[in-house]
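Printed here is final38.pdb (PDB, C-alpha atoms and all ligand atoms):
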```pdb
ATOM      1  CA  MET L  13       0.000   0.000   0.000
ATOM      2  CA  SER L  14       1.451   3.338  -0.947
ATOM      3  CA  LEU L  15       3.385   5.139   1.736
ATOM      4  CA  LEU L  16       4.475   8.747   1.380
ATOM      5  CA  ILE L  17       6.931  10.308   3.790
ATOM      6  CA  VAL L  18       7.908  13.939   4.034
ATOM      7  CA  GLY L  19      10.662  15.317   6.246
ATOM      8  CA  THR L  20      14.257  16.455   6.251
ATOM      9  CA  VAL L  21      17.212  14.897   4.483
ATOM     10  CA  ALA L  22      20.199  16.386   6.219
ATOM     11  CA  PHE L  23      23.815  16.444   7.194
ATOM     12  CA  ASP L  24      24.213  16.006  10.942
ATOM     13  CA  GLY L  25      27.139  16.923  13.188
ATOM     14  CA  LEU L  26      27.028  14.687  16.253
ATOM     15  CA  GLU L  27      28.761  14.582  19.607
ATOM     16  CA  THR L  28      28.047  11.723  21.984
ATOM     17  CA  PRO L  29      30.141  10.204  24.784
ATOM     18  CA  PHE L  30      31.201   7.619  22.168
ATOM     19  CA  GLY L  31      32.650  10.022  19.647
ATOM     20  CA  VAL L  32      32.213  12.867  17.239
ATOM     21  CA  ARG L  33      30.991  12.958  13.637
ATOM     22  CA  GLU L  34      31.456  16.240  11.773
ATOM     23  CA  SER L  35      28.911  15.750   9.020
ATOM     24  CA  ILE L  36      27.057  12.532   8.260
ATOM     25  CA  LEU L  37      23.803  11.582   6.580
ATOM     26  CA  GLY L  38      20.765  12.359   8.736
ATOM     27  CA  GLY L  39      17.341  13.970   8.675
ATOM     28  CA  SER L  40      13.901  12.865   9.776
ATOM     29  CA  ALA L  41      12.859  11.547   6.334
ATOM     30  CA  THR L  42      16.118   9.633   5.937
ATOM     31  CA  TYR L  43      15.579   7.630   9.119
ATOM     32  CA  ILE L  44      11.843   7.141   8.533
ATOM     33  CA  GLY L  45      12.428   6.031   4.961
ATOM     34  CA  ILE L  46      15.245   3.589   5.636
ATOM     35  CA  SER L  47      13.299   2.030   8.491
ATOM     36  CA  ALA L  48       9.988   1.774   6.566
ATOM     37  CA  GLY L  49      11.810   0.377   3.525
ATOM     38  CA  TYR L  50      12.270  -2.925   5.402
ATOM     39  CA  PHE L  51       8.477  -3.382   5.430
ATOM     40  CA  VAL L  52       7.324  -2.169   2.003
ATOM     41  CA  ASP L  53       8.747  -2.435  -1.519
ATOM     42  CA  LYS L  54       8.578   1.290  -2.149
ATOM     43  CA  VAL L  55       8.614   4.325   0.107
ATOM     44  CA  ASN L  56       7.851   7.595  -1.684
ATOM     45  CA  LEU L  57       9.951  10.414  -0.272
ATOM     46  CA  VAL L  58       9.459  14.177  -0.534
ATOM     47  CA  SER L  59      12.271  16.374   0.711
ATOM     48  CA  VAL L  60      14.986  18.759  -0.429
ATOM     49  CA  VAL L  61      18.792  18.741  -0.513
ATOM     50  CA  GLY L  62      21.486  21.023  -1.929
ATOM     51  CA  GLY L  63      24.010  20.489  -4.708
ATOM     52  CA  ASP L  64      26.469  19.336  -2.014
ATOM     53  CA  PHE L  65      24.456  16.168  -1.342
ATOM     54  CA  PRO L  66      26.475  13.177  -2.588
ATOM     55  CA  GLU L  67      25.149  10.901  -5.298
ATOM     56  CA  ALA L  68      26.283   7.964  -3.134
ATOM     57  CA  ASP L  69      23.773   8.937  -0.429
ATOM     58  CA  ILE L  70      20.975   9.132  -3.014
ATOM     59  CA  GLU L  71      22.004   5.653  -4.191
ATOM     60  CA  LEU L  72      21.908   4.444  -0.588
ATOM     61  CA  LEU L  73      18.326   5.710  -0.186
ATOM     62  CA  LYS L  74      17.339   3.977  -3.437
ATOM     63  CA  GLU L  75      18.913   0.727  -2.275
ATOM     64  CA  LYS L  76      16.754   0.912   0.828
ATOM     65  CA  ASN L  77      13.514   0.911  -1.267
ATOM     66  CA  ILE L  78      13.145   4.682  -1.249
ATOM     67  CA  ASP L  79      11.819   6.354  -4.393
ATOM     68  CA  THR L  80      13.647   9.664  -4.753
ATOM     69  CA  GLU L  81      11.550  11.251  -7.509
ATOM     70  CA  GLY L  82      10.185  13.643  -4.861
ATOM     71  CA  LEU L  83      13.643  14.593  -3.573
ATOM     72  CA  GLN L  84      14.316  18.095  -4.880
ATOM     73  CA  ILE L  85      17.961  18.916  -5.536
ATOM     74  CA  ILE L  86      18.703  22.645  -5.422
ATOM     75  CA  LYS L  87      22.064  22.703  -7.208
ATOM     76  CA  GLU L  88      23.124  26.141  -6.011
ATOM     77  CA  GLY L  89      21.962  25.514  -2.426
ATOM     78  CA  LYS L  90      23.361  23.755   0.650
ATOM     79  CA  THR L  91      21.750  20.805   2.406
ATOM     80  CA  PHE L  92      20.055  21.360   5.798
ATOM     81  CA  PHE L  93      22.604  20.943   8.601
ATOM     82  CA  TRP L  94      21.887  20.126  12.237
ATOM     83  CA  LYS L  95      24.419  19.681  15.023
ATOM     84  CA  GLY L  96      23.649  18.165  18.397
ATOM     85  CA  LYS L  97      25.516  17.156  21.534
ATOM     86  CA  TYR L  98      24.267  14.461  23.883
ATOM     87  CA  HIS L  99      24.617  14.532  27.647
ATOM     88  CA  ASN L 100      26.230  11.566  29.390
ATOM     89  CA  ASP L 101      22.914   9.833  30.116
ATOM     90  CA  MET L 102      22.079  10.036  26.363
ATOM     91  CA  ASN L 103      18.494  10.950  27.246
ATOM     92  CA  SER L 104      18.899  14.625  26.587
ATOM     93  CA  ARG L 105      20.755  16.669  24.028
ATOM     94  CA  ASP L 106      21.479  20.249  23.110
ATOM     95  CA  THR L 107      21.107  21.590  19.608
ATOM     96  CA  LEU L 108      24.394  23.371  18.895
ATOM     97  CA  GLU L 109      23.618  24.533  15.384
ATOM     98  CA  THR L 110      20.800  24.536  12.838
ATOM     99  CA  GLN L 111      21.476  25.774   9.303
ATOM    100  CA  LEU L 112      18.215  25.670   7.378
ATOM    101  CA  ASN L 113      19.902  26.292   4.014
ATOM    102  CA  VAL L 114      17.666  24.838   1.240
ATOM    103  CA  LEU L 115      14.942  24.149   3.803
ATOM    104  CA  GLU L 116      14.411  27.875   4.254
ATOM    105  CA  SER L 117      12.607  28.207   0.924
ATOM    106  CA  PHE L 118      11.423  24.609   0.604
ATOM    107  CA  ASP L 119       8.206  24.288  -1.356
ATOM    108  CA  PRO L 120       7.221  20.627  -1.216
ATOM    109  CA  LEU L 121       6.106  19.555  -4.669
ATOM    110  CA  ILE L 122       4.341  16.224  -4.529
ATOM    111  CA  PRO L 123       4.865  14.191  -7.730
ATOM    112  CA  GLU L 124       1.554  13.271  -9.460
ATOM    113  CA  ASN L 125       1.949   9.567  -8.754
ATOM    114  CA  TYR L 126       2.408  10.189  -5.006
ATOM    115  CA  LYS L 127      -0.768  12.255  -4.619
ATOM    116  CA  ASP L 128      -3.164   9.388  -3.943
ATOM    117  CA  CYS L 129      -1.068   7.833  -1.156
ATOM    118  CA  LYS L 130      -2.929   5.668   1.318
ATOM    119  CA  TYR L 131      -0.499   6.215   4.186
ATOM    120  CA  LEU L 132       1.179   9.536   4.892
ATOM    121  CA  MET L 133       3.943  10.108   7.434
ATOM    122  CA  LEU L 134       4.814  13.743   8.012
ATOM    123  CA  GLY L 135       8.206  13.715   9.680
ATOM    124  CA  ASN L 136       9.465  16.576  11.793
ATOM    125  CA  LEU L 137       9.310  19.765   9.706
ATOM    126  CA  VAL L 138       7.953  23.303   9.923
ATOM    127  CA  PRO L 139       4.162  22.818  10.313
ATOM    128  CA  SER L 140       3.403  25.207   7.417
ATOM    129  CA  ILE L 141       5.286  22.857   5.062
ATOM    130  CA  GLN L 142       3.421  19.866   6.475
ATOM    131  CA  LEU L 143       0.172  21.730   5.685
ATOM    132  CA  LYS L 144       1.289  22.391   2.095
ATOM    133  CA  VAL L 145       1.751  18.650   1.610
ATOM    134  CA  LEU L 146      -1.777  17.820   2.757
ATOM    135  CA  GLU L 147      -3.219  20.471   0.455
ATOM    136  CA  GLN L 148      -1.725  18.832  -2.635
ATOM    137  CA  LEU L 149      -3.119  15.341  -2.123
ATOM    138  CA  THR L 150      -5.934  14.275  -4.452
ATOM    139  CA  GLN L 151      -7.662  12.183  -1.783
ATOM    140  CA  ARG L 152      -7.494  11.969   1.963
ATOM    141  CA  PRO L 153      -5.092   9.163   2.953
ATOM    142  CA  LYS L 154      -6.424   6.273   5.020
ATOM    143  CA  LEU L 155      -3.981   7.310   7.749
ATOM    144  CA  VAL L 156      -2.210  10.614   8.253
ATOM    145  CA  ALA L 157       0.540  10.391  10.873
ATOM    146  CA  MET L 158       2.783  13.173  12.044
ATOM    147  CA  ASP L 159       5.812  13.739  14.209
ATOM    148  CA  THR L 160       6.724  17.100  15.629
ATOM    149  CA  MET L 161       9.035  18.756  18.150
ATOM    150  CA  ASN L 162       9.053  21.481  20.793
ATOM    151  CA  LEU L 163      10.667  23.958  18.396
ATOM    152  CA  TRP L 164       7.287  24.361  16.650
ATOM    153  CA  MET L 165       5.414  25.005  19.905
ATOM    154  CA  GLY L 166       6.519  28.639  20.006
ATOM    155  CA  ALA L 167       6.133  31.051  17.103
ATOM    156  CA  THR L 168       4.575  28.431  14.801
ATOM    157  CA  MET L 169       2.059  27.109  17.356
ATOM    158  CA  ASP L 170      -0.958  28.297  15.318
ATOM    159  CA  ASP L 171       0.168  26.304  12.276
ATOM    160  CA  LEU L 172       0.941  23.326  14.482
ATOM    161  CA  LYS L 173      -2.608  23.459  15.888
ATOM    162  CA  LYS L 174      -4.030  23.626  12.343
ATOM    163  CA  MET L 175      -1.983  20.564  11.427
ATOM    164  CA  LEU L 176      -3.023  18.628  14.509
ATOM    165  CA  LYS L 177      -6.686  18.977  13.509
ATOM    166  CA  ARG L 178      -5.889  17.147  10.273
ATOM    167  CA  VAL L 179      -3.909  14.164  11.541
ATOM    168  CA  ASP L 180      -5.074  10.764  12.759
ATOM    169  CA  LEU L 181      -1.951   9.715  14.607
ATOM    170  CA  LEU L 182       0.660  11.823  16.355
ATOM    171  CA  THR L 183       4.018  10.610  17.648
ATOM    172  CA  ILE L 184       5.654  12.867  20.186
ATOM    173  CA  ASN L 185       8.070  12.450  23.077
ATOM    174  CA  ASP L 186       7.072  12.760  26.724
ATOM    175  CA  GLU L 187       8.641  16.183  27.277
ATOM    176  CA  GLU L 188       6.969  17.570  24.148
ATOM    177  CA  ALA L 189       3.611  16.033  25.146
ATOM    178  CA  ARG L 190       3.812  17.854  28.478
ATOM    179  CA  GLN L 191       4.700  21.113  26.759
ATOM    180  CA  LEU L 192       1.952  20.829  24.145
ATOM    181  CA  SER L 193      -0.774  19.912  26.637
ATOM    182  CA  GLU L 194       0.461  21.932  29.619
ATOM    183  CA  GLU L 195      -0.209  18.820  31.721
ATOM    184  CA  ASN L 196       2.465  17.022  33.719
ATOM    185  CA  ASN L 197       0.651  13.722  33.977
ATOM    186  CA  LEU L 198       1.041  11.828  30.695
ATOM    187  CA  ILE L 199      -2.423  10.238  30.784
ATOM    188  CA  LYS L 200      -4.003  13.672  31.187
ATOM    189  CA  ALA L 201      -1.621  15.065  28.568
ATOM    190  CA  ALA L 202      -2.693  12.352  26.105
ATOM    191  CA  GLU L 203      -6.378  13.048  26.677
ATOM    192  CA  LYS L 204      -5.850  16.750  26.086
ATOM    193  CA  ILE L 205      -3.763  16.250  22.939
ATOM    194  CA  LYS L 206      -6.444  13.953  21.539
ATOM    195  CA  THR L 207      -8.955  16.812  21.830
ATOM    196  CA  MET L 208      -6.626  18.860  19.593
ATOM    197  CA  GLY L 209      -7.104  16.474  16.644
ATOM    198  CA  PRO L 210      -5.280  13.118  16.537
ATOM    199  CA  SER L 211      -7.504  10.221  17.603
ATOM    200  CA  THR L 212      -4.461   8.026  18.211
ATOM    201  CA  LEU L 213      -1.414   9.205  20.075
ATOM    202  CA  ILE L 214       1.973   7.666  20.749
ATOM    203  CA  ILE L 215       4.117   9.142  23.495
ATOM    204  CA  LYS L 216       7.766   8.075  23.180
ATOM    205  CA  LYS L 217       9.719   7.788  26.385
ATOM    206  CA  GLY L 218      13.173   7.030  24.995
ATOM    207  CA  GLU L 219      14.857   4.145  26.802
ATOM    208  CA  HIS L 220      11.646   3.710  28.847
ATOM    209  CA  GLY L 221       9.537   2.598  25.891
ATOM    210  CA  ALA L 222       6.421   4.090  24.363
ATOM    211  CA  LEU L 223       2.754   4.497  25.276
ATOM    212  CA  LEU L 224      -0.057   4.132  22.760
ATOM    213  CA  PHE L 225      -3.414   5.797  23.360
ATOM    214  CA  GLY L 226      -6.243   4.585  21.114
ATOM    215  CA  LYS L 227      -9.535   6.085  19.947
ATOM    216  CA  GLU L 228     -11.618   4.253  22.547
ATOM    217  CA  GLN L 229      -9.442   5.148  25.555
ATOM    218  CA  GLU L 230      -7.369   1.979  25.127
ATOM    219  CA  ILE L 231      -3.778   2.123  26.384
ATOM    220  CA  PHE L 232      -0.888  -0.119  25.350
ATOM    221  CA  PHE L 233       2.792  -0.032  26.213
ATOM    222  CA  THR L 234       5.926  -1.373  24.619
ATOM    223  CA  PRO L 235       9.312  -1.318  26.325
ATOM    224  CA  ALA L 236      12.468  -0.266  24.544
ATOM    225  CA  LEU L 237      15.057  -3.031  24.298
ATOM    226  CA  PRO L 238      17.583  -2.633  27.129
ATOM    227  CA  LEU L 239      20.985  -2.265  25.452
ATOM    228  CA  GLN L 240      24.459  -2.285  26.983
ATOM    229  CA  GLU L 241      25.732   0.340  24.619
ATOM    230  CA  VAL L 242      23.776   3.230  23.171
ATOM    231  CA  VAL L 243      26.219   4.955  20.849
ATOM    232  CA  ASP L 244      24.050   7.638  19.239
ATOM    233  CA  PRO L 245      20.301   8.121  19.784
ATOM    234  CA  THR L 246      19.908  10.495  16.819
ATOM    235  CA  GLY L 247      17.019   9.487  14.617
ATOM    236  CA  ALA L 248      15.626   6.902  17.030
ATOM    237  CA  GLY L 249      12.242   8.645  17.074
ATOM    238  CA  ASP L 250      12.114   8.817  13.286
ATOM    239  CA  THR L 251      13.268   5.217  12.898
ATOM    240  CA  PHE L 252      10.485   4.312  15.339
ATOM    241  CA  ALA L 253       7.965   6.138  13.111
ATOM    242  CA  GLY L 254       9.336   4.320  10.056
ATOM    243  CA  GLY L 255       8.820   0.912  11.653
ATOM    244  CA  LEU L 256       5.334   1.903  12.751
ATOM    245  CA  MET L 257       4.199   3.209   9.359
ATOM    246  CA  GLY L 258       6.069   0.507   7.456
ATOM    247  CA  HIS L 259       4.161  -2.208   9.298
ATOM    248  CA  LEU L 260       0.798  -0.411   9.020
ATOM    249  CA  SER L 261       1.097   0.171   5.294
ATOM    250  CA  GLN L 262       2.457  -3.320   4.635
ATOM    251  CA  THR L 263      -0.533  -4.906   6.412
ATOM    252  CA  ASP L 264      -3.050  -2.195   5.388
ATOM    253  CA  ASP L 265      -4.795  -2.550   8.731
ATOM    254  CA  ILE L 266      -5.269   0.350  11.126
ATOM    255  CA  SER L 267      -7.196  -1.495  13.837
ATOM    256  CA  PHE L 268      -5.996  -0.869  17.373
ATOM    257  CA  SER L 269      -4.661  -4.429  17.644
ATOM    258  CA  ASN L 270      -2.551  -3.909  14.537
ATOM    259  CA  ILE L 271      -1.311  -0.512  15.738
ATOM    260  CA  LYS L 272      -0.122  -2.397  18.858
ATOM    261  CA  ARG L 273       1.860  -4.782  16.649
ATOM    262  CA  ALA L 274       3.203  -1.801  14.696
ATOM    263  CA  LEU L 275       4.351  -0.233  17.956
ATOM    264  CA  VAL L 276       6.420  -3.316  18.718
ATOM    265  CA  TYR L 277       8.050  -3.094  15.264
ATOM    266  CA  ALA L 278       8.622   0.610  15.855
ATOM    267  CA  SER L 279      10.466  -0.076  19.098
ATOM    268  CA  THR L 280      12.403  -2.916  17.454
ATOM    269  CA  MET L 281      13.650  -0.658  14.646
ATOM    270  CA  ALA L 282      14.614   2.112  17.079
ATOM    271  CA  SER L 283      16.721  -0.383  19.051
ATOM    272  CA  PHE L 284      18.951  -0.910  16.001
ATOM    273  CA  CYS L 285      19.266   2.776  15.231
ATOM    274  CA  VAL L 286      20.938   3.745  18.505
ATOM    275  CA  GLN L 287      23.707   1.145  18.268
ATOM    276  CA  LYS L 288      25.870   3.053  15.792
ATOM    277  CA  PHE L 289      26.316   6.633  14.614
ATOM    278  CA  GLY L 290      23.715   8.042  12.235
ATOM    279  CA  PRO L 291      21.763   5.529  10.142
ATOM    280  CA  GLU L 292      24.779   3.166   9.966
ATOM    281  CA  ALA L 293      23.248   0.361  12.058
ATOM    282  CA  LEU L 294      20.040   0.508  10.047
ATOM    283  CA  VAL L 295      21.383  -0.062   6.582
ATOM    284  CA  GLY L 296      22.499  -3.684   6.807
ATOM    285  CA  LEU L 297      19.415  -5.276   8.380
ATOM    286  CA  SER L 298      17.237  -8.090   7.049
ATOM    287  CA  SER L 299      13.689  -9.274   7.791
ATOM    288  CA  GLU L 300      15.141 -12.235   9.723
ATOM    289  CA  VAL L 301      17.272 -10.015  11.960
ATOM    290  CA  ILE L 302      14.295  -7.699  12.555
ATOM    291  CA  GLU L 303      11.969 -10.603  13.439
ATOM    292  CA  SER L 304      14.511 -12.076  15.816
ATOM    293  CA  ARG L 305      14.983  -8.737  17.588
ATOM    294  CA  LYS L 306      11.221  -8.249  17.765
ATOM    295  CA  ASN L 307      10.941 -11.626  19.523
ATOM    296  CA  GLU L 308      13.686 -10.588  21.925
ATOM    297  CA  LEU L 309      11.674  -7.472  22.740
ATOM    298  CA  LEU L 310       8.441  -9.440  23.199
ATOM    299  CA  SER L 311      10.145 -11.941  25.496
ATOM    300  CA  LEU L 312      10.870  -9.099  27.931
ATOM    301  CA  THR L 313       7.231  -9.086  29.039
ATOM    302  CA  ASP L 314       6.242 -12.682  28.281
ATOM    303  CA  LEU L 315       5.002 -14.576  31.344
ATOM    304  CA  SER L 316       4.537 -18.003  29.729
TER     305      SER L 316
HETATM  306  P1  LIG G 401      15.393  12.530  16.269
HETATM  307  O1  LIG G 401      16.646  12.128  16.974
HETATM  308  O2  LIG G 401      14.447  11.386  16.032
HETATM  309  O3  LIG G 401      14.740  13.708  16.909
HETATM  310  O4  LIG G 401      15.812  13.005  14.808
HETATM  311  C1  LIG G 401      17.018  13.638  14.550
HETATM  312  C2  LIG G 401      17.046  14.087  13.109
HETATM  313  O5  LIG G 401      16.174  15.212  12.956
HETATM  314  C3  LIG G 401      18.431  14.553  12.710
HETATM  315  O6  LIG G 401      18.938  13.681  11.725
HETATM  316  C4  LIG G 401      18.256  15.987  12.196
HETATM  317  O7  LIG G 401      18.834  16.180  10.935
HETATM  318  C5  LIG G 401      16.758  16.184  12.135
HETATM  319  N1  LIG G 401      16.383  17.494  12.658
HETATM  320  C6  LIG G 401      16.968  18.180  13.662
HETATM  321  N2  LIG G 401      16.360  19.376  13.848
HETATM  322  C7  LIG G 401      15.353  19.429  12.947
HETATM  323  C8  LIG G 401      14.363  20.407  12.610
HETATM  324  N3  LIG G 401      14.285  21.561  13.249
HETATM  325  N4  LIG G 401      13.466  20.106  11.634
HETATM  326  C9  LIG G 401      13.535  18.937  10.995
HETATM  327  N5  LIG G 401      14.457  17.986  11.217
HETATM  328  C10 LIG G 401      15.356  18.221  12.189
END
```

Using structure tokens, write down the structure from this file.
Ligand code: AMP
Amino acid sequence: MSLLIVGTVAFDGLETPFGVRESILGGSATYIGISAGYFVDKVNLVSVVGGDFPEADIELLKEKNIDTEGLQIIKEGKTFFWKGKYHNDMNSRDTLETQLNVLESFDPLIPENYKDCKYLMLGNLVPSIQLKVLEQLTQRPKLVAMDTMNLWMGATMDDLKKMLKRVDLLTINDEEARQLSEENNLIKAAEKIKTMGPSTLIIKKGEHGALLFGKEQEIFFTPALPLQEVVDPTGAGDTFAGGLMGHLSQTDDISFSNIKRALVYASTMASFCVQKFGPEALVGLSSEVIESRKNELLSLTDLS
């Protein structure tokens, strides 16, 4: 079933207790796409890069089942750059630098053959760009999912609220959920966010797993896989979203019980992402390795 993802394709500068990378492949759409590409034959991607973006990285995306027809290349521009530094506990990070570059004037042009997508994942981006994507679709997708961040809860809050009214599923982390809802308790926060638009909400709690809140007040939880070494958490949230949407579009089933299964795949994919810098640990996976890790995750809470 057709899956369209929109987000950033970037160069990231990363500092973690395990090392430093000056400029490596990153971006919300990159992680979502690579992760989802393990579940579906084709992931349609809409994003923008500059003339400095290497052909080899475009080839890598293609190899991972990503269709790059919707990737605009602005020859005279520079690719979006983000630099972050993680604290020792790896749960929090500081943004050291954000260079919007080609993202500053990004006008997402959805190719004709992407416009009737059944599943849409709007990765972290300025909400006004996310809105422009929705406006170009020829039919309403079966599921519109969105990820966002605290950066958009300031000056662009009005656009973010407009977007929220139009999405079915929102993924957000616990800190952002508290900020968006102005509620400290996550159950109350989830209820309040659901009144803003999304009928299904996923609150990501990093190494402490993720909570799923369904339409009918159902709640489900998946742990994150406990790992001895977390090298770089960048992109874990996006990789999570890729696993989630990859499974949902592969199975074409958006029942609550299937969203629960998708959540387990989401957590499984995120567990790979954090083991190496950037998307490195994600590129060499196989369905067998993913299934085996999913079973490892499930066994954590299996009482039989
Ligand atoms: P995550 O760790 O899941 O929050 O995702 C990190 C990725 O998001 C990095 O690869 C960055 O390139 C990208 N990113 C960082 N800041 C932004 C932003 N303001 N808008 C869109 N993408 C961003």

Find the residues near segment 209-217 of chain L: any atom within 6 Å, counting all atoms listed in the file, skip ones fewer than 5 places away on the same chain, and give them as a VMD selection string.
-> chain L and resid 176 to 177 179 to 186 222 to 227

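By only C-alpha atoms, and with residues fewer than 5 positions from segment 296-303 of chain L along its chain excluded, the set lying at most 10 Å from it is Ser47, Tyr50, Phe51, Lys76, Tyr277, Thr280, Met281, Phe284, Pro291, Glu308 and Leu309 of chain L.
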
Take the residues just selected and output them with C-alpha atoms as a PDB file, in the coordinates of the input.
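Now in selection-v4.pdb:
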```pdb
ATOM      1  CA  SER L  47      13.299   2.030   8.491  1.00  0.00           C
ATOM      2  CA  TYR L  50      12.270  -2.925   5.402  1.00  0.00           C
ATOM      3  CA  PHE L  51       8.477  -3.382   5.430  1.00  0.00           C
ATOM      4  CA  LYS L  76      16.754   0.912   0.828  1.00  0.00           C
ATOM      5  CA  TYR L 277       8.050  -3.094  15.264  1.00  0.00           C
ATOM      6  CA  THR L 280      12.403  -2.916  17.454  1.00  0.00           C
ATOM      7  CA  MET L 281      13.650  -0.658  14.646  1.00  0.00           C
ATOM      8  CA  PHE L 284      18.951  -0.910  16.001  1.00  0.00           C
ATOM      9  CA  PRO L 291      21.763   5.529  10.142  1.00  0.00           C
ATOM     10  CA  GLU L 308      13.686 -10.588  21.925  1.00  0.00           C
ATOM     11  CA  LEU L 309      11.674  -7.472  22.740  1.00  0.00           C
TER      12      LEU L 309
END
```

Nearby residues, ligand LIG 401 (chain G), 8 Å, only C-alpha atoms and all ligand atoms, as a VMD selection string | chain L and resid 19 to 24 37 to 40 42 to 43 92 to 95 107 110 135 to 138 161 163 245 to 251 290

So how many Å separate atom CA of Leu310 of chain L and atom CA of Ile199 of chain L, to one decimal?
-> 23.7 Å

Give as a PyMOL selection string each residue that has an atom at most 12 Å from (32.5, 12.5, 23.2) in the file, counting all atoms listed in the file.
-> chain L and resi 26-33+96-100+102+243-244

Restricting to only C-alpha atoms, whichever of L:Ile231, L:Ala278, L:Ala189, L:Leu312 is closest to Ala253 of chain L is L:Ala278

Could you state which residues are captured by the PyMOL selection byres (((chain L and resi 126) around 9) and not hetatm) in this file, as a count of residues only?
-> 14

Could you state the separation of atom CA of Phe232 of chain L and atom CA of Val276 of chain L in Å, given to one decimal place?
-> 10.4 Å

From the set L:Glu292, L:Glu109, L:Asp264, L:Asp314, which residue has the shortest atom-to-atom contact distance to Ile36 of chain L, counting only C-alpha atoms?
->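 The answer is L:Glu292, which sits nearest to Ile36 of chain L.
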
Could you state the separation of atom CA of Asp171 of chain L and atom CA of Ile205 of chain L in Å, given to one decimal place?
-> 15.2 Å

Box for segment 37-43 of chain L: with edges along x, y and z, all listed atoms inside and 8 Å added on each side, what are the centre and edge lengths in Å to one decimal, as AutoDock Vina command-line options?
```
--center_x 18.3 --center_y 10.8 --center_z 7.9 --size_x 26.9 --size_y 22.3 --size_z 19.8
```

Please fill the gaps in segment 88-99 of chain L so it has N, CA and C atoms, and write that as a compact mmCIF listing (two decimals), in the frame of the given file.
```
# COMPACT_ATOMS: atom_id res chain seq x y z
N GLU L 88 22.34 25.01 -6.55
CA GLU L 88 23.12 26.14 -6.01
C GLU L 88 22.98 26.28 -4.49
N GLY L 89 22.21 25.40 -3.87
CA GLY L 89 21.96 25.51 -2.43
C GLY L 89 22.76 24.51 -1.61
N LYS L 90 22.69 24.69 -0.27
CA LYS L 90 23.36 23.76 0.65
C LYS L 90 22.31 22.95 1.41
N THR L 91 22.66 21.71 1.68
CA THR L 91 21.75 20.80 2.41
C THR L 91 21.57 21.28 3.86
N PHE L 92 20.36 21.06 4.39
CA PHE L 92 20.06 21.36 5.80
C PHE L 92 21.11 20.70 6.70
N PHE L 93 21.59 21.47 7.68
CA PHE L 93 22.60 20.94 8.60
C PHE L 93 22.14 21.13 10.04
N TRP L 94 22.25 20.06 10.81
CA TRP L 94 21.89 20.13 12.24
C TRP L 94 23.02 19.53 13.06
N LYS L 95 23.35 20.20 14.17
CA LYS L 95 24.42 19.68 15.02
C LYS L 95 23.91 19.56 16.46
N GLY L 96 24.12 18.39 17.03
CA GLY L 96 23.65 18.16 18.40
C GLY L 96 24.70 17.50 19.26
N LYS L 97 24.59 17.76 20.57
CA LYS L 97 25.52 17.16 21.53
C LYS L 97 24.70 16.48 22.64
N TYR L 98 25.00 15.23 22.87
CA TYR L 98 24.27 14.46 23.88
C TYR L 98 24.93 14.56 25.24
N HIS L 99 24.10 14.56 26.28
CA HIS L 99 24.62 14.53 27.65
C HIS L 99 25.01 13.09 27.97
```
